[in-house]
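K.L.:
Dumping the structure here so I can ask a few things about it.
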Amino acid sequence: MQKTQPRPITILGSTGSVGSQTIDLVMRAPENYHVVALSAFRNVKRLSEQAHALKPDLVVIADESKYAEMKDAVADLKIEVAAGEKAVVEAAERESDWVLAGIVGIAGLPSTLAAAKQGKKVAFANKETLVCAGPLMMDMVAKYGCKLLPVDSEHNAIYQVFNATQRDKIRRLIITASGGPFRTKTREEMAVMTPEQAGKHPVWKMGAKISIDSATLMNKSLEVIEAAFLFEMPSDKIDVLVHPQSVIHSMVEYVDGSVLAQLGTPDMRIPIGYCLAWPERMETPAPQLDLIAKAQLTFEAPDPEKFPTLRMGREAMRLGQTAPILLNSSNEVAVQAFLDNRIGFLDIEKVVGATLEHGPVVPLTGLDVLEETDKAARAFAVEKVAQLAAQRK
Ligand SMILES: NC(=O)c1ccc[n+]([C@@H]2O[C@H](COP(=O)([O-])OP(=O)(O)OC[C@H]3O[C@@H](n4cnc5c(N)ncnc54)[C@H](OP(=O)(O)O)[C@@H]3O)[C@@H](O)[C@H]2O)c1
């Protein structure tokens, strides 16, 4: 029998939560893969461990000041080492069959777009890219024949039950939300929550930024925008439903009243494995779903009074054009300031709300407009953070 060639894959953001879980799957059958490239921002230690385990052709450390340290760490391996943002893009462009876009934030945009432009299978975790560059990204996906496979568990669930040939028969998409760690807290209680408390998600173990986004529920707003672009659905046909057990990962409701859902234990290796194996399926080490042990699945309506970021997301979607960039970029600045203990938890929504209100919203005609908007939104948000930080003293 002819031996099949190992499949060439690239993992961007390999040291992160999604990246590490992808590597966990790859390590279970390393002979099936040829790892072309791995990338990280500045975590030399983990990237070096991964390089030793997987022997990629190339490792990229985005922070150029870490180049010498990275080179030293893998000096015993015969692999290429590169540094800097451009090198991450070059890694995305290298010949491979599958790329994980697992970088967090808008920092992942250039490499995600580069992978899409190669017409590859792109396992897409980096939701901030689609939020900011939705129309540009989807045009590129269509033009270059890229296969965009959603890693986000909600979008992955919808993808599995979304019948594109019956798009006009879809009444709505229902994105489920665990409700985050502060679901049952009051606004007064939330006001004094620390980054440690906000980062403790009740169900999922994720990276720092998305964990805070889950606590503010901004993550759901980003996901509604992501779904609108990914599935080409108007945002008024996308609802959010709080489901604390996170067993139903999302649903599609058709006009005949049928509601199709994907269920599973909350383990990111399920959606990642789906993307890695697509169009086949692979076994994953995720625990099997035991509905008898779960006993109860419950649902609640989301509360935009308690979590105003839900309203802000809708407003950004309604405004369209560059508004989602204002939302996303100011949120990235505010979340980092909260993680650095410079502003309070409820200040995050103040920074985002003020940035959205400040605008301006202009037509998103290209990447240059995106970059300018991102820069201006960040500058405004930084000022707002400074004001709020001063008020705290
Ligand atoms: N975690 C989840 O369960 C989950 C679920 C759904 C969707 N997502 C989405 O997946 C993406 C990744 O999330 P995550 O939780 O895995 O994040 P994470 O744990 O913080 O990991 C982020 C990865 O991106 C790298 N990175 C950070 N800043 C960078 C920069 N400026 N340039 C290049 N690389 C950079 C990090 O490198 P270092 O380690 O060196 O900093 C790390 O490898 C996000 O968009 C998130 O919304 C995550």
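Chain labels run A, B, ... following the order of the structure tokens; each chain numbers its residues from 1, and ligands are numbered from 1 in the order shown.
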Find the residues near ligand 1. Use a cut-off of 6 Å, count only C-alpha atoms and all ligand atoms, and write them as a list in words.
P.N.:
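Counting only what the definition allows, namely only C-alpha atoms and all ligand atoms, the set is Gly13, Ser14, Thr15, Gly16, Ser17, Val18, Gly19, Ala40, Phe41, Arg42, Asn43, Ala62, Gly102, Ile103, Val104, Gly105, Ala107, Ala125, Asn126, Lys127, Glu128, Asp152, Met206, Gly207, Ala208, Ile210 and Met268 of chain A.
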K.L.:
Using only C-alpha atoms, which residues sit within 6 Å of range 376-390 of chain A once same-chain residues fewer than 6 positions away are excluded, as a JSON list (two decimals) with C-alpha atoms, in the first residue's frame?
P.N.:
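Just written: result-v6.json:
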[["chain", "number", "residue", "atom", "x", "y", "z"],
["A", 326, "LEU", "CA", -13.86, 51.32, 16.61],
["A", 329, "SER", "CA", -9.73, 48.43, 18.77],
["A", 330, "SER", "CA", -10.98, 50.39, 21.77],
["A", 342, "ARG", "CA", -5.09, 50.60, 35.45],
["A", 343, "ILE", "CA", -8.87, 50.81, 35.08],
["A", 351, "VAL", "CA", -13.87, 53.29, 26.94]]
K.L.:
Which residue out of A:Ala354, A:Leu136, A:Leu276, A:Val192 has the minimum interatomic distance to Leu109 in chain A when only C-alpha atoms are used?
P.N.:
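Under the stated criterion, the closest residue is A:Leu136.
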K.L.:
If you run DSSP on the backbone here, which positions in range 42-192 of chain A get strand (DSSP E)? Please write them as a ChimeraX atom specification.
P.N.:
/A:58-61,80-83,98-101,121-124,147-150,170-177
K.L.:
What does the file look like for those residues with N, CA and C atoms, as a PDB file, in the first residue's frame?
P.N.:
ATOM      1  N   LEU A  58      10.230  26.073  10.292  1.00  0.00           N
ATOM      2  CA  LEU A  58      10.448  27.475  10.658  1.00  0.00           C
ATOM      3  C   LEU A  58       9.728  27.809  11.958  1.00  0.00           C
ATOM      4  N   VAL A  59      10.412  28.593  12.821  1.00  0.00           N
ATOM      5  CA  VAL A  59       9.698  29.191  13.957  1.00  0.00           C
ATOM      6  C   VAL A  59       9.840  30.707  13.848  1.00  0.00           C
ATOM      7  N   VAL A  60       8.743  31.401  14.164  1.00  0.00           N
ATOM      8  CA  VAL A  60       8.767  32.869  14.093  1.00  0.00           C
ATOM      9  C   VAL A  60       8.372  33.434  15.446  1.00  0.00           C
ATOM     10  N   ILE A  61       9.193  34.339  15.942  1.00  0.00           N
ATOM     11  CA  ILE A  61       8.857  35.056  17.163  1.00  0.00           C
ATOM     12  C   ILE A  61       8.559  36.503  16.715  1.00  0.00           C
ATOM     13  N   GLU A  80      14.806  26.900  10.671  1.00  0.00           N
ATOM     14  CA  GLU A  80      14.928  28.344  10.447  1.00  0.00           C
ATOM     15  C   GLU A  80      14.284  29.103  11.596  1.00  0.00           C
ATOM     16  N   VAL A  81      14.884  30.246  11.926  1.00  0.00           N
ATOM     17  CA  VAL A  81      14.298  31.110  12.949  1.00  0.00           C
ATOM     18  C   VAL A  81      14.146  32.494  12.335  1.00  0.00           C
ATOM     19  N   ALA A  82      12.977  33.082  12.521  1.00  0.00           N
ATOM     20  CA  ALA A  82      12.775  34.447  12.008  1.00  0.00           C
ATOM     21  C   ALA A  82      12.026  35.247  13.066  1.00  0.00           C
ATOM     22  N   ALA A  83      12.086  36.574  12.918  1.00  0.00           N
ATOM     23  CA  ALA A  83      11.417  37.433  13.901  1.00  0.00           C
ATOM     24  C   ALA A  83      10.741  38.601  13.199  1.00  0.00           C
ATOM     25  N   TRP A  98      -2.913  23.691   5.385  1.00  0.00           N
ATOM     26  CA  TRP A  98      -3.844  24.101   6.438  1.00  0.00           C
ATOM     27  C   TRP A  98      -3.118  25.069   7.359  1.00  0.00           C
ATOM     28  N   VAL A  99      -3.798  26.164   7.677  1.00  0.00           N
ATOM     29  CA  VAL A  99      -3.179  27.141   8.581  1.00  0.00           C
ATOM     30  C   VAL A  99      -4.135  27.425   9.726  1.00  0.00           C
ATOM     31  N   LEU A 100      -3.628  27.376  10.957  1.00  0.00           N
ATOM     32  CA  LEU A 100      -4.440  27.839  12.080  1.00  0.00           C
ATOM     33  C   LEU A 100      -4.162  29.326  12.271  1.00  0.00           C
ATOM     34  N   ALA A 101      -5.221  30.151  12.166  1.00  0.00           N
ATOM     35  CA  ALA A 101      -5.097  31.574  12.494  1.00  0.00           C
ATOM     36  C   ALA A 101      -5.454  31.709  13.966  1.00  0.00           C
ATOM     37  N   LYS A 121      -6.744  26.147   3.330  1.00  0.00           N
ATOM     38  CA  LYS A 121      -7.754  25.899   4.353  1.00  0.00           C
ATOM     39  C   LYS A 121      -7.293  26.688   5.572  1.00  0.00           C
ATOM     40  N   VAL A 122      -8.112  27.624   6.006  1.00  0.00           N
ATOM     41  CA  VAL A 122      -7.732  28.438   7.161  1.00  0.00           C
ATOM     42  C   VAL A 122      -8.670  28.129   8.319  1.00  0.00           C
ATOM     43  N   ALA A 123      -8.121  27.525   9.367  1.00  0.00           N
ATOM     44  CA  ALA A 123      -8.887  27.296  10.591  1.00  0.00           C
ATOM     45  C   ALA A 123      -8.826  28.610  11.351  1.00  0.00           C
ATOM     46  N   PHE A 124     -10.002  29.171  11.523  1.00  0.00           N
ATOM     47  CA  PHE A 124     -10.079  30.574  11.839  1.00  0.00           C
ATOM     48  C   PHE A 124     -10.526  30.795  13.282  1.00  0.00           C
ATOM     49  N   LYS A 147     -10.717  28.190   1.970  1.00  0.00           N
ATOM     50  CA  LYS A 147     -11.747  27.480   2.747  1.00  0.00           C
ATOM     51  C   LYS A 147     -11.624  27.943   4.194  1.00  0.00           C
ATOM     52  N   LEU A 148     -12.591  28.742   4.620  1.00  0.00           N
ATOM     53  CA  LEU A 148     -12.547  29.298   5.969  1.00  0.00           C
ATOM     54  C   LEU A 148     -13.307  28.366   6.911  1.00  0.00           C
ATOM     55  N   LEU A 149     -12.589  27.776   7.853  1.00  0.00           N
ATOM     56  CA  LEU A 149     -13.213  26.824   8.771  1.00  0.00           C
ATOM     57  C   LEU A 149     -13.257  27.440  10.172  1.00  0.00           C
ATOM     58  N   PRO A 150     -14.440  27.712  10.708  1.00  0.00           N
ATOM     59  CA  PRO A 150     -14.503  28.419  11.985  1.00  0.00           C
ATOM     60  C   PRO A 150     -14.129  27.561  13.199  1.00  0.00           C
ATOM     61  N   ILE A 170     -33.610  30.045   6.300  1.00  0.00           N
ATOM     62  CA  ILE A 170     -33.114  30.158   7.677  1.00  0.00           C
ATOM     63  C   ILE A 170     -33.778  31.359   8.339  1.00  0.00           C
ATOM     64  N   ARG A 171     -34.439  31.102   9.468  1.00  0.00           N
ATOM     65  CA  ARG A 171     -35.131  32.185  10.169  1.00  0.00           C
ATOM     66  C   ARG A 171     -34.134  32.971  11.009  1.00  0.00           C
ATOM     67  N   ARG A 172     -33.268  32.267  11.734  1.00  0.00           N
ATOM     68  CA  ARG A 172     -32.267  32.979  12.544  1.00  0.00           C
ATOM     69  C   ARG A 172     -31.152  32.030  13.008  1.00  0.00           C
ATOM     70  N   LEU A 173     -30.061  32.638  13.386  1.00  0.00           N
ATOM     71  CA  LEU A 173     -28.970  31.911  14.039  1.00  0.00           C
ATOM     72  C   LEU A 173     -29.089  32.216  15.537  1.00  0.00           C
ATOM     73  N   ILE A 174     -28.865  31.218  16.363  1.00  0.00           N
ATOM     74  CA  ILE A 174     -28.929  31.433  17.814  1.00  0.00           C
ATOM     75  C   ILE A 174     -27.555  31.106  18.399  1.00  0.00           C
ATOM     76  N   ILE A 175     -26.869  32.148  18.819  1.00  0.00           N
ATOM     77  CA  ILE A 175     -25.529  31.965  19.387  1.00  0.00           C
ATOM     78  C   ILE A 175     -25.671  31.822  20.900  1.00  0.00           C
ATOM     79  N   THR A 176     -25.185  30.720  21.424  1.00  0.00           N
ATOM     80  CA  THR A 176     -25.297  30.536  22.875  1.00  0.00           C
ATOM     81  C   THR A 176     -24.121  31.196  23.584  1.00  0.00           C
ATOM     82  N   ALA A 177     -24.384  31.554  24.845  1.00  0.00           N
ATOM     83  CA  ALA A 177     -23.367  32.219  25.675  1.00  0.00           C
ATOM     84  C   ALA A 177     -23.426  31.604  27.065  1.00  0.00           C
TER      85      ALA A 177
END
K.L.:
Which neighbours of range 68-77 of chain A fall inside 8 Å, counting only C-alpha atoms, when residues of the same chain fewer than 3 positions from it are skipped, and could you give them as a list in words?
P.N.:
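Everything that qualifies: Val44, Lys45, Ser48, Ala51, His52, Lys55, Ile61, Ser65 and Val81 of chain A.
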K.L.:
Include N, CA, C and O atoms and write out the residues we just selected as an mmCIF file, in the first residue's frame.
P.N.:
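Just written: part.cif:
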data_model
loop_
_atom_site.group_PDB
_atom_site.id
_atom_site.type_symbol
_atom_site.label_atom_id
_atom_site.label_comp_id
_atom_site.auth_asym_id
_atom_site.auth_seq_id
_atom_site.Cartn_x
_atom_site.Cartn_y
_atom_site.Cartn_z
ATOM 1 N N VAL A 44 9.230 32.577 24.266
ATOM 2 C CA VAL A 44 10.339 31.791 23.700
ATOM 3 C C VAL A 44 10.340 30.371 24.269
ATOM 4 O O VAL A 44 10.534 29.390 23.538
ATOM 5 N N LYS A 45 10.087 30.272 25.570
ATOM 6 C CA LYS A 45 10.202 28.964 26.226
ATOM 7 C C LYS A 45 9.200 27.961 25.616
ATOM 8 O O LYS A 45 9.586 26.864 25.206
ATOM 9 N N SER A 48 9.938 27.153 21.965
ATOM 10 C CA SER A 48 11.091 26.257 21.840
ATOM 11 C C SER A 48 10.690 24.814 22.184
ATOM 12 O O SER A 48 11.073 23.863 21.485
ATOM 13 N N ALA A 51 8.856 23.509 19.282
ATOM 14 C CA ALA A 51 9.762 23.256 18.156
ATOM 15 C C ALA A 51 10.513 21.934 18.369
ATOM 16 O O ALA A 51 10.692 21.148 17.432
ATOM 17 N N HIS A 52 10.922 21.682 19.605
ATOM 18 C CA HIS A 52 11.640 20.435 19.882
ATOM 19 C C HIS A 52 10.721 19.226 19.698
ATOM 20 O O HIS A 52 11.160 18.162 19.265
ATOM 21 N N LYS A 55 9.548 19.672 15.454
ATOM 22 C CA LYS A 55 10.566 19.906 14.413
ATOM 23 C C LYS A 55 9.990 20.601 13.164
ATOM 24 O O LYS A 55 10.020 20.041 12.044
ATOM 25 N N ILE A 61 9.193 34.339 15.942
ATOM 26 C CA ILE A 61 8.857 35.056 17.163
ATOM 27 C C ILE A 61 8.559 36.503 16.715
ATOM 28 O O ILE A 61 9.398 37.161 16.098
ATOM 29 N N SER A 65 12.791 41.745 19.516
ATOM 30 C CA SER A 65 13.802 41.803 20.587
ATOM 31 C C SER A 65 14.086 40.410 21.158
ATOM 32 O O SER A 65 15.028 40.214 21.918
ATOM 33 N N VAL A 81 14.884 30.246 11.926
ATOM 34 C CA VAL A 81 14.298 31.110 12.949
ATOM 35 C C VAL A 81 14.146 32.494 12.335
ATOM 36 O O VAL A 81 15.074 32.994 11.690
#
K.L.:
Here is a test: counting only C-alpha atoms, which residue of A:Gln197, A:Pro6, A:Glu253, A:Met137 is nearest to Lys185 in chain A?
P.N.:
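Among the listed residues, A:Gln197 lies closest to Lys185 in chain A.
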K.L.:
May I have the residues within 8 Å of Leu54 in chain A as a PyMOL selection string, using only C-alpha atoms and disregarding those fewer than 3 positions away in the same chain?
P.N.:
chain A and resi 27+30+35+50-51
K.L.:
Any idea what's packed within 9 Å of His249 in chain A, counting only C-alpha atoms, ignoring anything in its chain fewer than 4 positions away? Could you give it as a CSV table (one decimal) with N, CA, C and O atoms, in the first residue's frame?
P.N.:
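Now in out.csv:
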chain,number,residue,atom,x,y,z
A,153,SER,N,-16.2,28.0,19.0
A,153,SER,CA,-17.1,26.8,19.1
A,153,SER,C,-18.5,27.2,18.6
A,153,SER,O,-19.2,26.3,18.1
A,154,GLU,N,-19.0,28.4,18.8
A,154,GLU,CA,-20.3,28.8,18.4
A,154,GLU,C,-20.4,28.7,16.9
A,154,GLU,O,-21.4,28.2,16.3
A,155,HIS,N,-19.4,29.3,16.2
A,155,HIS,CA,-19.5,29.4,14.8
A,155,HIS,C,-19.2,28.0,14.2
A,155,HIS,O,-19.8,27.7,13.1
A,156,ASN,N,-18.4,27.2,14.8
A,156,ASN,CA,-18.2,25.9,14.4
A,156,ASN,C,-19.5,25.1,14.5
A,156,ASN,O,-19.8,24.3,13.6
A,157,ALA,N,-20.2,25.3,15.6
A,157,ALA,CA,-21.5,24.6,15.7
A,157,ALA,C,-22.5,25.0,14.6
A,157,ALA,O,-23.1,24.1,14.0
A,158,ILE,N,-22.6,26.3,14.3
A,158,ILE,CA,-23.5,26.8,13.3
A,158,ILE,C,-23.0,26.2,11.9
A,158,ILE,O,-23.8,25.7,11.1
A,175,ILE,N,-26.9,32.1,18.8
A,175,ILE,CA,-25.5,32.0,19.4
A,175,ILE,C,-25.7,31.8,20.9
A,175,ILE,O,-26.2,32.7,21.6
A,176,THR,N,-25.2,30.7,21.4
A,176,THR,CA,-25.3,30.5,22.9
A,176,THR,C,-24.1,31.2,23.6
A,176,THR,O,-23.0,31.4,23.0
A,177,ALA,N,-24.4,31.6,24.8
A,177,ALA,CA,-23.4,32.2,25.7
A,177,ALA,C,-23.4,31.6,27.1
A,177,ALA,O,-24.5,31.4,27.6
A,243,HIS,N,-26.8,30.3,28.0
A,243,HIS,CA,-27.0,28.8,28.3
A,243,HIS,C,-25.8,28.4,29.2
A,243,HIS,O,-24.7,28.1,28.6
A,261,ALA,N,-29.0,21.9,16.2
A,261,ALA,CA,-28.0,22.4,17.1
A,261,ALA,C,-26.8,21.4,17.1
A,261,ALA,O,-26.9,20.3,16.6
A,262,GLN,N,-25.7,21.9,17.5
A,262,GLN,CA,-24.5,21.0,17.7
A,262,GLN,C,-24.2,21.0,19.2
A,262,GLN,O,-24.2,22.1,19.9
A,263,LEU,N,-24.1,19.8,19.8
A,263,LEU,CA,-23.8,19.7,21.2
A,263,LEU,C,-22.5,19.0,21.5
A,263,LEU,O,-22.0,18.3,20.6
A,264,GLY,N,-21.9,19.2,22.6
A,264,GLY,CA,-20.7,18.5,23.0
A,264,GLY,C,-20.2,19.1,24.3
A,264,GLY,O,-20.6,20.1,24.8
A,266,PRO,N,-17.8,21.1,26.6
A,266,PRO,CA,-17.1,22.3,26.3
A,266,PRO,C,-15.6,22.1,26.3
A,266,PRO,O,-14.9,22.2,27.3
K.L.:
Of the candidates A:Ala286, A:Ile212, A:Val252, A:Val240, which one gets nearest to Gly199 in chain A if we count only C-alpha atoms?
P.N.:
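Closest to Gly199 in chain A of all the choices is A:Ile212.
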K.L.:
Name all residues at most 12 Å from Asn163 in chain A (count only C-alpha atoms; drop same-chain ones fewer than 2 positions away) and give them as an MDAnalysis selection string.
P.N.:
chainID A and resid 158:161 165:170 173 231 251:254 260
K.L.:
Selection from above, N, CA, C and O atoms, as a PDB file, in the first residue's frame, can you write it?
P.N.:
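Resulting contents of part_6.pdb:
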ATOM      1  N   ILE A 158     -22.578  26.286  14.335  1.00  0.00           N
ATOM      2  CA  ILE A 158     -23.482  26.754  13.265  1.00  0.00           C
ATOM      3  C   ILE A 158     -23.035  26.164  11.926  1.00  0.00           C
ATOM      4  O   ILE A 158     -23.839  25.663  11.147  1.00  0.00           O
ATOM      5  N   TYR A 159     -21.724  26.213  11.680  1.00  0.00           N
ATOM      6  CA  TYR A 159     -21.170  25.693  10.428  1.00  0.00           C
ATOM      7  C   TYR A 159     -21.611  24.244  10.199  1.00  0.00           C
ATOM      8  O   TYR A 159     -21.914  23.838   9.080  1.00  0.00           O
ATOM      9  N   GLN A 160     -21.661  23.469  11.290  1.00  0.00           N
ATOM     10  CA  GLN A 160     -22.000  22.049  11.158  1.00  0.00           C
ATOM     11  C   GLN A 160     -23.484  21.813  10.834  1.00  0.00           C
ATOM     12  O   GLN A 160     -23.837  20.752  10.350  1.00  0.00           O
ATOM     13  N   VAL A 161     -24.339  22.804  11.140  1.00  0.00           N
ATOM     14  CA  VAL A 161     -25.781  22.591  10.889  1.00  0.00           C
ATOM     15  C   VAL A 161     -26.375  23.634   9.932  1.00  0.00           C
ATOM     16  O   VAL A 161     -27.583  23.703   9.762  1.00  0.00           O
ATOM     17  N   THR A 165     -27.421  25.881   1.050  1.00  0.00           N
ATOM     18  CA  THR A 165     -28.339  25.853  -0.098  1.00  0.00           C
ATOM     19  C   THR A 165     -29.759  26.251   0.329  1.00  0.00           C
ATOM     20  O   THR A 165     -30.626  26.450  -0.507  1.00  0.00           O
ATOM     21  N   GLN A 166     -29.984  26.310   1.638  1.00  0.00           N
ATOM     22  CA  GLN A 166     -31.316  26.725   2.139  1.00  0.00           C
ATOM     23  C   GLN A 166     -31.204  28.029   2.931  1.00  0.00           C
ATOM     24  O   GLN A 166     -31.964  28.258   3.873  1.00  0.00           O
ATOM     25  N   ARG A 167     -30.250  28.846   2.538  1.00  0.00           N
ATOM     26  CA  ARG A 167     -29.999  30.105   3.252  1.00  0.00           C
ATOM     27  C   ARG A 167     -31.294  30.928   3.416  1.00  0.00           C
ATOM     28  O   ARG A 167     -31.575  31.480   4.453  1.00  0.00           O
ATOM     29  N   ASP A 168     -32.107  30.953   2.321  1.00  0.00           N
ATOM     30  CA  ASP A 168     -33.346  31.749   2.383  1.00  0.00           C
ATOM     31  C   ASP A 168     -34.404  31.093   3.265  1.00  0.00           C
ATOM     32  O   ASP A 168     -35.460  31.663   3.511  1.00  0.00           O
ATOM     33  N   LYS A 169     -34.134  29.886   3.730  1.00  0.00           N
ATOM     34  CA  LYS A 169     -35.094  29.194   4.605  1.00  0.00           C
ATOM     35  C   LYS A 169     -34.622  29.238   6.067  1.00  0.00           C
ATOM     36  O   LYS A 169     -35.142  28.532   6.918  1.00  0.00           O
ATOM     37  N   ILE A 170     -33.610  30.045   6.300  1.00  0.00           N
ATOM     38  CA  ILE A 170     -33.114  30.158   7.677  1.00  0.00           C
ATOM     39  C   ILE A 170     -33.778  31.359   8.339  1.00  0.00           C
ATOM     40  O   ILE A 170     -33.732  32.470   7.823  1.00  0.00           O
ATOM     41  N   LEU A 173     -30.061  32.638  13.386  1.00  0.00           N
ATOM     42  CA  LEU A 173     -28.970  31.911  14.039  1.00  0.00           C
ATOM     43  C   LEU A 173     -29.089  32.216  15.537  1.00  0.00           C
ATOM     44  O   LEU A 173     -29.380  33.354  15.912  1.00  0.00           O
ATOM     45  N   PHE A 231     -21.440  33.911   7.828  1.00  0.00           N
ATOM     46  CA  PHE A 231     -22.598  33.206   7.262  1.00  0.00           C
ATOM     47  C   PHE A 231     -23.466  34.111   6.388  1.00  0.00           C
ATOM     48  O   PHE A 231     -24.540  33.702   5.960  1.00  0.00           O
ATOM     49  N   MET A 251     -27.133  27.278  17.448  1.00  0.00           N
ATOM     50  CA  MET A 251     -28.233  26.634  16.717  1.00  0.00           C
ATOM     51  C   MET A 251     -28.605  27.429  15.469  1.00  0.00           C
ATOM     52  O   MET A 251     -28.322  28.619  15.392  1.00  0.00           O
ATOM     53  N   VAL A 252     -29.253  26.720  14.542  1.00  0.00           N
ATOM     54  CA  VAL A 252     -29.818  27.374  13.363  1.00  0.00           C
ATOM     55  C   VAL A 252     -31.305  27.039  13.328  1.00  0.00           C
ATOM     56  O   VAL A 252     -31.676  25.854  13.401  1.00  0.00           O
ATOM     57  N   GLU A 253     -32.145  28.077  13.261  1.00  0.00           N
ATOM     58  CA  GLU A 253     -33.587  27.861  13.188  1.00  0.00           C
ATOM     59  C   GLU A 253     -34.043  28.080  11.756  1.00  0.00           C
ATOM     60  O   GLU A 253     -33.752  29.116  11.156  1.00  0.00           O
ATOM     61  N   TYR A 254     -34.761  27.083  11.217  1.00  0.00           N
ATOM     62  CA  TYR A 254     -35.283  27.160   9.850  1.00  0.00           C
ATOM     63  C   TYR A 254     -36.753  27.597   9.869  1.00  0.00           C
ATOM     64  O   TYR A 254     -37.402  27.540  10.925  1.00  0.00           O
ATOM     65  N   LEU A 260     -31.789  23.253  14.483  1.00  0.00           N
ATOM     66  CA  LEU A 260     -30.686  22.292  14.478  1.00  0.00           C
ATOM     67  C   LEU A 260     -29.550  22.830  15.344  1.00  0.00           C
ATOM     68  O   LEU A 260     -29.194  23.998  15.250  1.00  0.00           O
TER      69      LEU A 260
END
K.L.:
If you run DSSP over the backbone, which residues in range 55-283 of chain A end up alpha helix (DSSP H)? Put them as a ChimeraX atom specification.
P.N.:
/A:67-73,85-93,109-117,127-144,153-161,187-191,195-198,208-216,218-230,269-277
K.L.:
Tell me, in Å to one decimal, how far CA of Val335 in chain A is from CA of Pro195 in chain A.
P.N.:
9.4 Å
K.L.:
So which one's closest to Phe338 in chain A, A:Glu196, A:Val203, A:Asp24, A:Ala142? Using only C-alpha atoms, please.
P.N.:
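Smallest separation from Phe338 in chain A among the options: A:Glu196.
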K.L.:
Determine, counting only C-alpha atoms, which protein, DNA and RNA residues have an atom within 10 Å of an atom of range 218-228 of chain A; residues of the same chain fewer than 3 positions away are not included. Present the result as a VMD selection string.
P.N.:
chain A and resid 126 to 134 150 152 154 to 155 158 to 159 173 to 180 209 to 215 231 to 241 307 to 317 320 324 327 to 328 331 348 to 349 352
K.L.:
Please report the interatomic distance between CA of Asp267 in chain A and CA of Thr298 in chain A in Å with one decimal.
P.N.:
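CA of Thr298 in chain A lies 19.0 Å from CA of Asp267 in chain A.
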K.L.:
Kindly indicate which residue among A:Arg318, A:Lys200, A:Lys393, A:Arg269 lies nearest to Pro285 in chain A, using only C-alpha atoms for the distances.
P.N.:
A:Arg269
K.L.:
What separation in Å, quoted to one decimal, exists between CA of Asp63 in chain A and CA of Leu12 in chain A?
P.N.:
13.9 Å
